[in-house]
file protein09.txt (compact mmCIF, C-alpha atoms and all ligand atoms)
# COMPACT_ATOMS: atom_id res chain seq x y z
CA MET A 739 94.70 80.92 -61.19
CA THR A 740 97.71 81.05 -58.94
CA SER A 741 96.26 83.33 -56.28
CA THR A 742 97.10 82.08 -52.80
CA LEU A 743 94.46 84.23 -51.16
CA SER A 744 91.23 82.33 -50.66
CA SER A 745 88.11 84.45 -50.71
CA VAL A 746 85.80 84.97 -47.76
CA PRO A 747 82.09 84.86 -48.61
CA PHE A 748 79.61 87.16 -46.89
CA VAL A 749 77.43 84.21 -45.90
CA ASP A 750 77.82 80.45 -46.41
CA LEU A 751 74.69 78.45 -45.67
CA THR A 752 76.03 75.09 -46.83
CA LEU A 753 78.09 74.82 -43.65
CA ILE A 754 75.01 74.57 -41.44
CA HIS A 755 72.87 72.61 -43.88
CA ASP A 756 75.27 69.88 -44.93
CA PRO A 757 75.35 68.07 -41.55
CA LEU A 758 71.52 68.21 -41.38
CA LYS A 759 70.90 66.79 -44.86
CA PRO A 760 69.56 63.36 -43.83
CA GLU A 761 67.22 64.89 -41.21
CA ILE A 762 65.97 67.57 -43.58
CA GLN A 763 65.39 65.05 -46.35
CA ALA A 764 63.41 62.85 -43.95
CA ALA A 765 61.32 65.86 -42.88
CA ILE A 766 60.53 66.71 -46.50
CA GLN A 767 59.68 63.07 -47.20
CA ALA A 768 57.29 63.03 -44.22
CA VAL A 769 55.38 66.04 -45.55
CA MET A 770 55.21 64.43 -48.98
CA ASP A 771 53.82 61.24 -47.43
CA GLN A 772 51.19 63.15 -45.45
CA SER A 773 50.41 65.53 -48.31
CA ASP A 774 49.28 68.18 -45.81
CA PHE A 775 51.07 70.93 -47.71
CA VAL A 776 48.99 73.87 -46.47
CA LEU A 777 48.34 74.39 -42.74
CA GLY A 778 49.68 70.92 -42.05
CA HIS A 779 50.96 69.18 -38.92
CA ALA A 780 54.56 70.28 -39.27
CA LEU A 781 53.40 73.90 -39.35
CA THR A 782 51.49 73.57 -36.09
CA ASP A 783 54.46 71.77 -34.51
CA PHE A 784 56.89 74.44 -35.60
CA GLU A 785 54.60 77.28 -34.51
CA ILE A 786 54.50 75.83 -31.00
CA ALA A 787 58.24 75.13 -30.94
CA PHE A 788 59.26 78.57 -32.18
CA ALA A 789 56.84 80.43 -29.88
CA ASN A 790 58.22 78.40 -26.95
CA ALA A 791 61.77 79.25 -27.95
CA CYS A 792 60.77 82.94 -27.83
CA GLY A 793 59.17 82.44 -24.43
CA VAL A 794 55.63 83.21 -25.62
CA GLN A 795 52.49 81.18 -26.05
CA TYR A 796 51.32 81.62 -29.63
CA GLY A 797 53.03 81.52 -33.00
CA VAL A 798 51.27 82.01 -36.33
CA GLY A 799 53.26 81.18 -39.46
CA VAL A 800 52.86 83.48 -42.47
CA ALA A 801 54.38 83.74 -45.94
CA CYS A 802 57.23 86.13 -45.09
CA GLY A 803 58.48 88.67 -42.58
CA THR A 804 56.87 91.55 -44.45
CA ASP A 805 53.46 89.90 -44.10
CA ALA A 806 54.23 89.16 -40.45
CA ILE A 807 54.51 92.92 -39.91
CA ALA A 808 51.50 93.88 -42.06
CA LEU A 809 49.13 91.20 -40.74
CA GLY A 810 50.57 91.37 -37.23
CA LEU A 811 49.80 95.09 -36.97
CA GLN A 812 46.27 94.51 -38.27
CA ALA A 813 45.75 91.68 -35.78
CA CYS A 814 46.81 94.09 -33.03
CA GLY A 815 44.04 96.46 -34.10
CA ILE A 816 46.10 98.98 -36.07
CA GLN A 817 43.86 100.70 -38.62
CA PRO A 818 44.02 103.18 -41.49
CA GLY A 819 44.67 106.63 -40.06
CA ASP A 820 46.78 105.31 -37.20
CA GLU A 821 50.37 106.47 -37.01
CA VAL A 822 53.13 103.97 -36.33
CA LEU A 823 56.65 105.00 -35.29
CA VAL A 824 59.35 103.30 -37.35
CA PRO A 825 63.14 103.85 -37.44
CA ALA A 826 64.49 105.54 -40.58
CA ASN A 827 67.40 103.12 -40.51
CA THR A 828 65.87 99.72 -41.18
CA PHE A 829 65.22 97.35 -44.03
CA ILE A 830 62.44 98.79 -46.18
CA ALA A 831 60.12 95.88 -45.29
CA THR A 832 59.37 97.47 -41.91
CA LEU A 833 57.90 100.45 -43.73
CA ILE A 834 56.11 98.29 -46.29
CA GLY A 835 54.51 96.28 -43.48
CA VAL A 836 53.04 99.43 -41.93
CA LEU A 837 51.76 100.68 -45.30
CA HIS A 838 50.19 97.30 -46.11
CA ALA A 839 48.38 97.42 -42.80
CA GLY A 840 46.88 100.70 -44.06
CA ALA A 841 48.56 102.76 -41.35
CA THR A 842 50.88 105.76 -41.67
CA PRO A 843 54.56 105.22 -40.94
CA VAL A 844 56.20 108.06 -39.01
CA LEU A 845 59.95 107.82 -39.28
CA VAL A 846 62.37 108.38 -36.41
CA ASP A 847 66.15 108.92 -36.41
CA CYS A 848 68.53 106.47 -34.81
CA ASP A 849 71.21 106.39 -32.15
CA PRO A 850 74.54 106.69 -34.00
CA HIS A 851 76.29 104.27 -31.63
CA THR A 852 73.86 101.36 -31.84
CA ALA A 853 72.04 102.26 -35.09
CA LEU A 854 68.78 101.47 -33.23
CA ILE A 855 65.73 103.73 -33.01
CA ASP A 856 66.39 106.79 -30.81
CA LEU A 857 63.57 106.99 -28.28
CA ASN A 858 64.32 110.64 -27.49
CA GLN A 859 63.61 111.43 -31.12
CA ALA A 860 60.59 109.12 -31.10
CA ASP A 861 59.22 111.19 -28.25
CA LYS A 862 59.10 114.25 -30.49
CA ALA A 863 57.31 112.36 -33.26
CA VAL A 864 54.32 111.30 -31.14
CA THR A 865 50.96 112.85 -32.08
CA LYS A 866 47.36 112.19 -31.05
CA LYS A 867 47.16 109.65 -33.87
CA THR A 868 50.19 107.60 -32.80
CA LYS A 869 49.09 104.08 -31.89
CA ALA A 870 52.20 101.96 -31.99
CA ILE A 871 55.98 101.87 -32.10
CA ILE A 872 57.98 99.29 -34.03
CA PRO A 873 61.36 98.76 -32.43
CA VAL A 874 63.52 97.03 -35.03
CA HIS A 875 66.06 94.82 -33.27
CA LEU A 876 68.56 95.69 -35.98
CA TYR A 877 71.65 93.61 -36.74
CA GLY A 878 70.61 91.18 -33.97
CA GLN A 879 70.52 93.59 -31.05
CA MET A 880 67.31 94.36 -29.17
CA VAL A 881 66.18 97.88 -28.47
CA SER A 882 66.29 98.30 -24.66
CA PRO A 883 63.12 96.68 -23.21
CA HIS A 884 63.13 98.91 -20.11
CA GLN A 885 63.31 102.07 -22.19
CA LEU A 886 60.64 100.77 -24.55
CA PHE A 887 58.26 99.90 -21.72
CA ALA A 888 58.67 103.38 -20.22
CA PHE A 889 58.18 105.03 -23.61
CA ALA A 890 55.10 102.99 -24.55
CA LYS A 891 53.55 103.55 -21.14
CA ALA A 892 54.13 107.31 -21.22
CA HIS A 893 52.36 107.62 -24.58
CA ASP A 894 49.90 104.72 -24.27
CA LEU A 895 51.30 102.93 -27.33
CA ILE A 896 51.37 99.35 -28.54
CA ILE A 897 54.85 97.85 -28.94
CA PHE A 898 55.13 95.71 -32.08
CA GLU A 899 58.60 94.21 -32.49
CA ASP A 900 60.34 93.76 -35.81
CA ALA A 901 62.52 90.83 -34.76
CA ALA A 902 63.37 89.73 -38.31
CA GLN A 903 67.09 89.98 -37.52
CA ALA A 904 66.96 88.91 -33.88
CA HIS A 905 65.91 85.27 -33.41
CA LEU A 906 66.62 84.41 -29.74
CA ALA A 907 68.27 87.77 -29.00
CA GLU A 908 68.10 88.92 -25.37
CA ARG A 909 68.52 92.15 -23.47
CA GLU A 910 67.88 93.02 -19.82
CA SER A 911 66.69 89.42 -19.38
CA TYR A 912 63.93 89.78 -21.97
CA GLY A 913 63.84 87.77 -25.18
CA ALA A 914 63.16 89.19 -28.63
CA GLY A 915 59.51 88.59 -29.43
CA SER A 916 58.41 88.61 -25.81
CA ILE A 917 58.20 92.33 -25.04
CA GLY A 918 55.58 93.55 -27.53
CA LEU A 919 51.89 92.90 -27.92
CA ALA A 920 53.19 90.87 -30.86
CA ALA A 921 56.42 90.44 -32.82
CA ALA A 922 57.31 89.68 -36.42
CA PHE A 923 60.03 87.25 -37.49
CA SER A 924 61.36 86.47 -40.96
CA PHE A 925 62.75 83.11 -42.08
CA TYR A 926 64.33 84.47 -45.25
CA PRO A 927 67.18 82.01 -45.99
CA SER A 928 70.03 84.16 -44.68
CA LYS A 929 68.32 85.20 -41.42
CA ASN A 930 69.64 83.61 -38.21
CA LEU A 931 66.95 80.97 -38.67
CA GLY A 932 66.22 80.61 -42.37
CA ALA A 933 63.93 78.47 -44.52
CA PHE A 934 64.61 77.15 -48.02
CA GLY A 935 62.64 80.05 -49.41
CA ASP A 936 60.43 82.72 -47.87
CA GLY A 937 58.72 82.42 -44.51
CA GLY A 938 57.67 84.43 -41.49
CA MET A 939 55.91 84.24 -38.15
CA VAL A 940 54.11 86.44 -35.68
CA VAL A 941 54.49 85.48 -32.03
CA THR A 942 52.31 86.83 -29.24
CA GLN A 943 51.12 86.20 -25.71
CA ASN A 944 47.68 87.46 -26.63
CA GLU A 945 45.07 84.86 -27.57
CA THR A 946 42.87 87.33 -29.46
CA VAL A 947 45.77 88.63 -31.54
CA ALA A 948 46.71 85.04 -32.41
CA ALA A 949 43.13 84.19 -33.39
CA ASN A 950 42.86 87.35 -35.52
CA LEU A 951 46.04 86.35 -37.32
CA ARG A 952 44.93 82.80 -38.02
CA SER A 953 41.88 84.28 -39.69
CA LEU A 954 43.70 87.10 -41.54
CA ARG A 955 46.29 84.76 -43.08
CA ASN A 956 43.56 82.40 -44.24
CA TYR A 957 41.27 84.65 -46.37
CA GLY A 958 39.73 86.26 -43.30
CA ALA A 959 37.79 83.09 -42.63
CA PRO A 960 37.76 81.88 -39.04
CA GLN A 961 35.43 79.19 -40.39
CA LYS A 962 35.69 77.74 -43.88
CA TYR A 963 33.83 79.92 -46.42
CA VAL A 964 32.68 82.39 -43.79
CA HIS A 965 34.63 85.58 -44.46
CA SER A 966 34.01 87.78 -41.47
CA GLU A 967 36.88 90.13 -42.30
CA ARG A 968 39.07 91.14 -45.21
CA GLY A 969 41.96 88.76 -45.02
CA THR A 970 44.48 87.44 -47.46
CA ASN A 971 46.37 84.27 -48.32
CA SER A 972 49.63 84.27 -46.39
CA ARG A 973 50.69 81.03 -44.76
CA LEU A 974 54.02 79.49 -43.92
CA ASP A 975 54.26 76.35 -46.09
CA THR A 976 54.16 73.06 -44.19
CA LEU A 977 57.31 72.09 -46.09
CA GLN A 978 59.19 75.17 -44.92
CA ALA A 979 57.95 74.65 -41.36
CA ALA A 980 59.19 71.05 -41.44
CA ILE A 981 62.66 72.22 -42.51
CA LEU A 982 62.68 75.03 -39.95
CA LYS A 983 61.73 72.57 -37.23
CA VAL A 984 64.82 70.50 -37.99
CA LYS A 985 66.98 73.63 -37.85
CA LEU A 986 65.49 75.23 -34.71
CA PRO A 987 67.30 73.06 -32.10
CA HIS A 988 70.62 74.26 -33.56
CA LEU A 989 69.80 77.96 -33.52
CA GLU A 990 71.30 78.64 -30.10
CA GLN A 991 74.59 77.05 -31.10
CA TRP A 992 74.64 78.99 -34.38
CA ASN A 993 74.02 82.23 -32.50
CA ARG A 994 76.88 81.35 -30.14
CA GLU A 995 79.16 80.90 -33.12
CA ARG A 996 78.09 84.32 -34.43
CA ASN A 997 78.86 85.80 -31.03
CA PHE A 998 82.23 84.11 -30.98
CA ALA A 999 83.07 85.52 -34.41
CA ALA A 1000 81.93 88.98 -33.26
CA GLU A 1001 84.24 88.80 -30.23
CA LYS A 1002 87.14 87.99 -32.52
CA TYR A 1003 86.28 90.89 -34.82
CA ASP A 1004 85.86 93.21 -31.81
CA ALA A 1005 89.32 92.41 -30.47
CA SER A 1006 90.91 93.63 -33.70
CA VAL A 1007 88.46 96.34 -34.71
CA LEU A 1008 88.73 98.05 -31.31
CA LEU A 1009 92.40 98.66 -32.13
CA MET A 1010 91.42 100.52 -35.30
CA ARG A 1011 89.60 103.32 -33.47
CA GLU A 1012 92.47 105.74 -34.00
CA LYS A 1013 92.26 104.97 -37.69
CA GLY A 1014 88.61 105.94 -37.73
CA ILE A 1015 87.01 102.49 -37.73
CA ILE A 1016 84.39 101.98 -35.01
CA PRO A 1017 82.17 98.95 -34.46
CA ILE A 1018 78.43 99.43 -33.93
CA GLU A 1019 78.08 99.24 -30.15
CA ASN A 1020 76.91 96.09 -28.46
CA GLN A 1021 74.94 97.09 -25.37
CA SER A 1022 73.51 93.64 -24.71
CA ALA A 1023 76.61 91.46 -24.13
CA ASP A 1024 76.01 87.92 -25.38
CA GLY A 1025 72.30 88.65 -25.87
CA HIS A 1026 73.30 90.14 -29.23
CA VAL A 1027 72.79 87.49 -31.94
CA TYR A 1028 74.84 89.24 -34.64
CA HIS A 1029 72.69 88.76 -37.69
CA LEU A 1030 75.23 91.23 -39.03
CA TYR A 1031 78.58 92.49 -37.78
CA VAL A 1032 78.70 96.16 -38.72
CA ILE A 1033 81.52 98.67 -38.51
CA ARG A 1034 81.54 102.40 -39.21
CA VAL A 1035 84.13 103.89 -41.50
CA THR A 1036 84.09 107.41 -40.04
CA GLU A 1037 85.36 110.78 -41.33
CA ASP A 1038 88.60 110.10 -39.44
CA CYS A 1039 89.43 107.16 -41.66
CA ALA A 1040 92.04 107.61 -44.40
CA ILE A 1041 89.63 106.26 -47.01
CA THR A 1042 85.90 106.30 -47.56
CA ARG A 1043 83.55 103.40 -46.86
CA ASP A 1044 82.95 102.88 -50.56
CA ARG A 1045 86.70 102.74 -51.32
CA LEU A 1046 87.25 100.30 -48.48
CA LYS A 1047 84.38 98.16 -49.76
CA ASP A 1048 85.84 98.08 -53.28
CA GLN A 1049 89.33 97.26 -52.07
CA LEU A 1050 88.04 94.42 -49.92
CA SER A 1051 86.09 93.03 -52.87
CA GLU A 1052 89.24 93.10 -54.95
CA GLN A 1053 90.89 90.96 -52.29
CA GLY A 1054 88.04 88.46 -52.42
CA ILE A 1055 86.35 89.61 -49.23
CA GLN A 1056 82.61 89.97 -49.61
CA VAL A 1057 81.05 92.72 -47.55
CA GLY A 1058 77.63 94.39 -47.52
CA ILE A 1059 75.88 97.64 -46.62
CA HIS A 1060 72.77 97.48 -44.46
CA TYR A 1061 71.45 99.82 -45.72
CA PRO A 1062 72.91 102.22 -48.28
CA ILE A 1063 69.78 104.44 -48.56
CA PRO A 1064 67.67 105.24 -45.48
CA CYS A 1065 63.92 104.64 -45.84
CA HIS A 1066 62.98 108.33 -46.10
CA LEU A 1067 65.21 108.84 -49.15
CA GLN A 1068 63.94 105.83 -51.10
CA PRO A 1069 62.40 106.94 -54.40
CA ALA A 1070 59.15 105.00 -53.94
CA TYR A 1071 58.29 106.71 -50.65
CA GLN A 1072 58.80 110.37 -51.48
CA ASN A 1073 55.08 110.93 -51.00
CA LEU A 1074 55.62 110.49 -47.25
CA GLY A 1075 57.03 114.00 -47.42
CA TYR A 1076 60.50 113.54 -45.98
CA LYS A 1077 63.65 115.11 -47.40
CA GLU A 1078 67.40 114.91 -47.07
CA GLY A 1079 68.51 116.28 -43.71
CA ASP A 1080 65.44 115.05 -41.83
CA PHE A 1081 67.28 112.18 -40.16
CA PRO A 1082 70.94 113.16 -39.97
CA GLN A 1083 72.14 110.16 -37.96
CA ALA A 1084 70.50 107.62 -40.26
CA GLU A 1085 71.86 109.49 -43.29
CA LYS A 1086 75.38 109.59 -41.88
CA LEU A 1087 75.26 105.90 -40.95
CA SER A 1088 74.16 104.98 -44.46
CA GLN A 1089 77.41 106.56 -45.71
CA GLN A 1090 79.64 104.94 -43.09
CA ILE A 1091 78.39 101.44 -42.30
CA LEU A 1092 79.95 98.28 -43.62
CA SER A 1093 78.86 94.72 -42.79
CA LEU A 1094 81.67 92.17 -42.57
CA PRO A 1095 81.32 88.44 -43.35
CA MET A 1096 79.26 86.81 -40.58
CA TYR A 1097 77.80 83.32 -40.36
CA PRO A 1098 78.06 80.22 -38.18
CA GLY A 1099 81.19 78.34 -39.18
CA LEU A 1100 83.21 81.44 -40.11
CA THR A 1101 86.74 80.47 -39.06
CA THR A 1102 89.32 82.37 -37.05
CA HIS A 1103 91.57 82.17 -40.07
CA GLN A 1104 88.93 83.86 -42.24
CA ILE A 1105 88.31 86.54 -39.61
CA ASN A 1106 92.04 87.25 -39.53
CA GLN A 1107 92.03 87.48 -43.31
CA VAL A 1108 89.23 90.07 -43.21
CA VAL A 1109 90.93 92.04 -40.46
CA SER A 1110 94.33 92.14 -42.14
CA ALA A 1111 92.75 93.16 -45.43
CA ILE A 1112 91.08 96.09 -43.66
CA GLN A 1113 94.29 97.01 -41.82
CA SER A 1114 96.40 97.02 -44.95
CA THR A 1115 93.82 99.13 -46.76
CA ILE A 1116 93.35 101.87 -44.14
CA ASN A 1117 97.02 102.26 -43.25
C1 LIG B 1201 64.24 90.57 -43.53
C2 LIG B 1201 63.57 91.68 -42.83
C3 LIG B 1201 62.19 91.92 -42.94
C4 LIG B 1201 61.32 91.24 -43.97
O1 LIG B 1201 61.31 89.89 -43.99
P1 LIG B 1201 60.96 89.12 -45.37
O2 LIG B 1201 60.82 87.71 -44.89
O3 LIG B 1201 62.10 89.32 -46.28
O4 LIG B 1201 59.69 89.67 -45.89
C5 LIG B 1201 61.62 92.90 -42.17
N1 LIG B 1201 62.36 93.64 -41.33
C6 LIG B 1201 63.69 93.47 -41.20
C7 LIG B 1201 64.44 94.32 -40.24
C8 LIG B 1201 64.34 92.49 -41.96
O5 LIG B 1201 65.66 92.34 -41.83

call {"tool": "encode", "arguments": {"input": "protein09.txt", "output": "structure tokens"}}
result
Amino acid sequence: MTSTLSSVPFVDLTLIHDPLKPEIQAAIQAVMDQSDFVLGHALTDFEIAFANACGVQYGVGVACGTDAIALGLQACGIQPGDEVLVPANTFIATLIGVLHAGATPVLVDCDPHTALIDLNQADKAVTKKTKAIIPVHLYGQMVSPHQLFAFAKAHDLIIFEDAAQAHLAERESYGAGSIGLAAAFSFYPSKNLGAFGDGGMVVTQNETVAANLRSLRNYGAPQKYVHSERGTNSRLDTLQAAILKVKLPHLEQWNRERNFAAEKYDASVLLMREKGIIPIENQSADGHVYHLYVIRVTEDCAITRDRLKDQLSEQGIQVGIHYPIPCHLQPAYQNLGYKEGDFPQAEKLSQQILSLPMYPGLTTHQINQVVSAIQSTIN
């Protein structure tokens, strides 16, 4: 091949892992030596460390982010028959979590500028059965804590955060994971803090919620072989916790690098407004942790989002769509009774959004490559 253009991956995890190899290998070795593979020391250590990093007291490691939502809601007392408000524009796992908790998800449209749940719309979706709202801190940006507090207070609702994309995000001086009764995190490998496989955690300030979770994740047995409730088996592996514990001290720096990359993108993308390209709005300054950097290819653009995506791929630039089909239009959930047109903003976003390469270690040169590829395609 004689191509002079080098490709830009969507995510490259080797950049952050390579320098940590000796430390990670030692951590794995230590678990092997102790053989405490399930509910071991490294898990307890990491639970404390991660909860502290979120500014809360308790952390309970579970098998994945989806379980963190499902078990977390149950631990907060959510029951079958309860309605839980969920944004239509989120990863499907938010919805699955609610359904696995036995509750009824009630979808809500989003703000077209931030792509976050629209609390004015949420207001209209509240019924007598509504027990909780799940703000999803999508793309790494928190839903406004002040607005959430006011909303939850007005309707007497529990706030349960889906912080799967927002490790260490901040807004209005609050940290992600610290504003709800509890919050769910995912350690899926490509998340801002990722394991070498699946993992998740619920963090909470509430001792009872934490105790409920420890029981629920462990067969519903607060004591060995005494099953006082219907639990399951969902624990964060000691091995994964040991790896995550090595990575955690670097998370802030990695988030800074994401922010830095986002600033670079912003500087160029803001000049494309006349051409119909608009970035998803950052309303939380450097509290945004940019799990994803998302632009909108609007009606004013010379080409469609899908055409732009294809053309970028042809030039070796990997991009993504988060997410191409809003939750209410997913085939598996038609029984919820929603139809096309129910959530116009989420539907429109799903046609327009495009996620650009974003990861710690993304270089200025690569960002320029992405930007010029977009410029040459839309002009
Ligand atoms: C990743 C993600 C989840 C689910 O986490 P898993 O660990 O993949 O189960 C839930 N909600 C959101 C918003 C996510 O991005």

call {"tool": "closest_residue", "arguments": {"input": "protein09.txt", "among": "A:Ala826, A:Ile896, A:Val1007, A:Ile1018", "to": "A:Ala920", "atoms": "only C-alpha atoms"}}
result
A:Ile896

call {"tool": "residues_near_ligand", "arguments": {"input": "protein09.txt", "ligand": "ligand LIG 1201 (chain B)", "cutoff": "7 Å", "atoms": "all atoms listed in the file", "output": "PDB file with C-alpha atoms, in the frame of the given file"}}
result
ATOM      1  CA  CYS A 802      57.230  86.130 -45.090  1.00  0.00           C
ATOM      2  CA  GLY A 803      58.480  88.670 -42.580  1.00  0.00           C
ATOM      3  CA  THR A 804      56.870  91.550 -44.450  1.00  0.00           C
ATOM      4  CA  ASP A 805      53.460  89.900 -44.100  1.00  0.00           C
ATOM      5  CA  THR A 828      65.870  99.720 -41.180  1.00  0.00           C
ATOM      6  CA  PHE A 829      65.220  97.350 -44.030  1.00  0.00           C
ATOM      7  CA  ALA A 831      60.120  95.880 -45.290  1.00  0.00           C
ATOM      8  CA  THR A 832      59.370  97.470 -41.910  1.00  0.00           C
ATOM      9  CA  VAL A 874      63.520  97.030 -35.030  1.00  0.00           C
ATOM     10  CA  LEU A 876      68.560  95.690 -35.980  1.00  0.00           C
ATOM     11  CA  ASP A 900      60.340  93.760 -35.810  1.00  0.00           C
ATOM     12  CA  ALA A 901      62.520  90.830 -34.760  1.00  0.00           C
ATOM     13  CA  ALA A 902      63.370  89.730 -38.310  1.00  0.00           C
ATOM     14  CA  GLN A 903      67.090  89.980 -37.520  1.00  0.00           C
ATOM     15  CA  SER A 924      61.360  86.470 -40.960  1.00  0.00           C
ATOM     16  CA  PHE A 925      62.750  83.110 -42.080  1.00  0.00           C
ATOM     17  CA  TYR A 926      64.330  84.470 -45.250  1.00  0.00           C
ATOM     18  CA  ASP A 936      60.430  82.720 -47.870  1.00  0.00           C
ATOM     19  CA  GLY A 937      58.720  82.420 -44.510  1.00  0.00           C
ATOM     20  CA  GLY A 938      57.670  84.430 -41.490  1.00  0.00           C
TER      21      GLY A 938
END

call {"tool": "residues_around", "arguments": {"input": "protein09.txt", "residues": "A:Val824", "least_positions_apart": "5", "cutoff": "9 Å", "atoms": "all atoms listed in the file", "output": "number ranges by chain"}}
result
A: 832-833, 836, 843-847, 855, 860, 871-874

call {"tool": "closest_residue", "arguments": {"input": "protein09.txt", "among": "A:Ala787, A:Val822, A:Val940, A:Leu857", "to": "A:Ala841", "atoms": "only C-alpha atoms"}}
result
A:Val822

call {"tool": "residues_around", "arguments": {"input": "protein09.txt", "residues": "A:Lys985", "least_positions_apart": "2", "cutoff": "10 Å", "atoms": "all atoms listed in the file", "output": "PyMOL selection string"}}
result
chain A and resi 754-755+758+761-762+931-933+979-983+987-989+992

call {"tool": "atom_distance", "arguments": {"input": "protein09.txt", "atom1": "atom CA of A:Leu951", "atom2": "atom CA of A:Gln812"}}
result
8.2 Å

call {"tool": "closest_residue", "arguments": {"input": "protein09.txt", "among": "A:Ala813, A:Ala1084, A:Leu1092, A:Ala839", "to": "A:Val1032", "atoms": "only C-alpha atoms"}}
result
A:Leu1092

call {"tool": "closest_residue", "arguments": {"input": "protein09.txt", "among": "A:Asn930, A:Gln859, A:Thr752, A:Gln1072", "to": "A:Gln991", "atoms": "all atoms listed in the file"}}
result
A:Asn930

call {"tool": "residues_near_point", "arguments": {"input": "protein09.txt", "point": "(63.5, 91.9, -27.4)", "cutoff": "7 Å", "atoms": "only C-alpha atoms", "output": "MDAnalysis selection string"}}
result
chainID A and resid 880:881 883 907:909 912:917

call {"tool": "residues_around", "arguments": {"input": "protein09.txt", "residues": "A:Leu1087", "least_positions_apart": "3", "cutoff": "10 Å", "atoms": "only C-alpha atoms", "output": "ChimeraX atom specification"}}
result
/A:827,848-851,853,1033-1036,1060-1064,1082-1084,1090-1092

call {"tool": "residues_around", "arguments": {"input": "protein09.txt", "residues": "A:Ile1055", "least_positions_apart": "5", "cutoff": "8 Å", "atoms": "only C-alpha atoms", "output": "PyMOL selection string"}}
result
chain A and resi 745-748+1050+1095+1108

call {"tool": "atom_distance", "arguments": {"input": "protein09.txt", "atom1": "atom CA of A:Val1027", "atom2": "atom CA of A:Lys869"}}
result
28.9 Å

call {"tool": "closest_residue", "arguments": {"input": "protein09.txt", "among": "A:Ala959, A:Met1010, A:Ile1112, A:Cys792", "to": "A:Asp1038", "atoms": "only C-alpha atoms"}}
result
A:Met1010

call {"tool": "closest_residue", "arguments": {"input": "protein09.txt", "among": "A:Ser882, A:Gln1089, A:Ser972, A:Thr842", "to": "A:Thr865", "atoms": "all atoms listed in the file"}}
result
A:Thr842

call {"tool": "atom_distance", "arguments": {"input": "protein09.txt", "atom1": "atom CA of A:Tyr796", "atom2": "atom CA of A:Phe889"}}
result
25.1 Å

call {"tool": "residues_near_point", "arguments": {"input": "protein09.txt", "point": "(81.7, 85.8, -39.0)", "cutoff": "9 Å", "atoms": "all atoms listed in the file", "output": "list in words"}}
result
Phe748, Val749, Glu995, Arg996, Asn997, Phe998, Ala999, Ala1000, Lys1002, Tyr1003, Tyr1028, Leu1030, Tyr1031, Leu1094, Pro1095, Met1096, Tyr1097, Pro1098, Gly1099, Leu1100, Thr1101, Thr1102, Gln1104 and Ile1105 of chain A
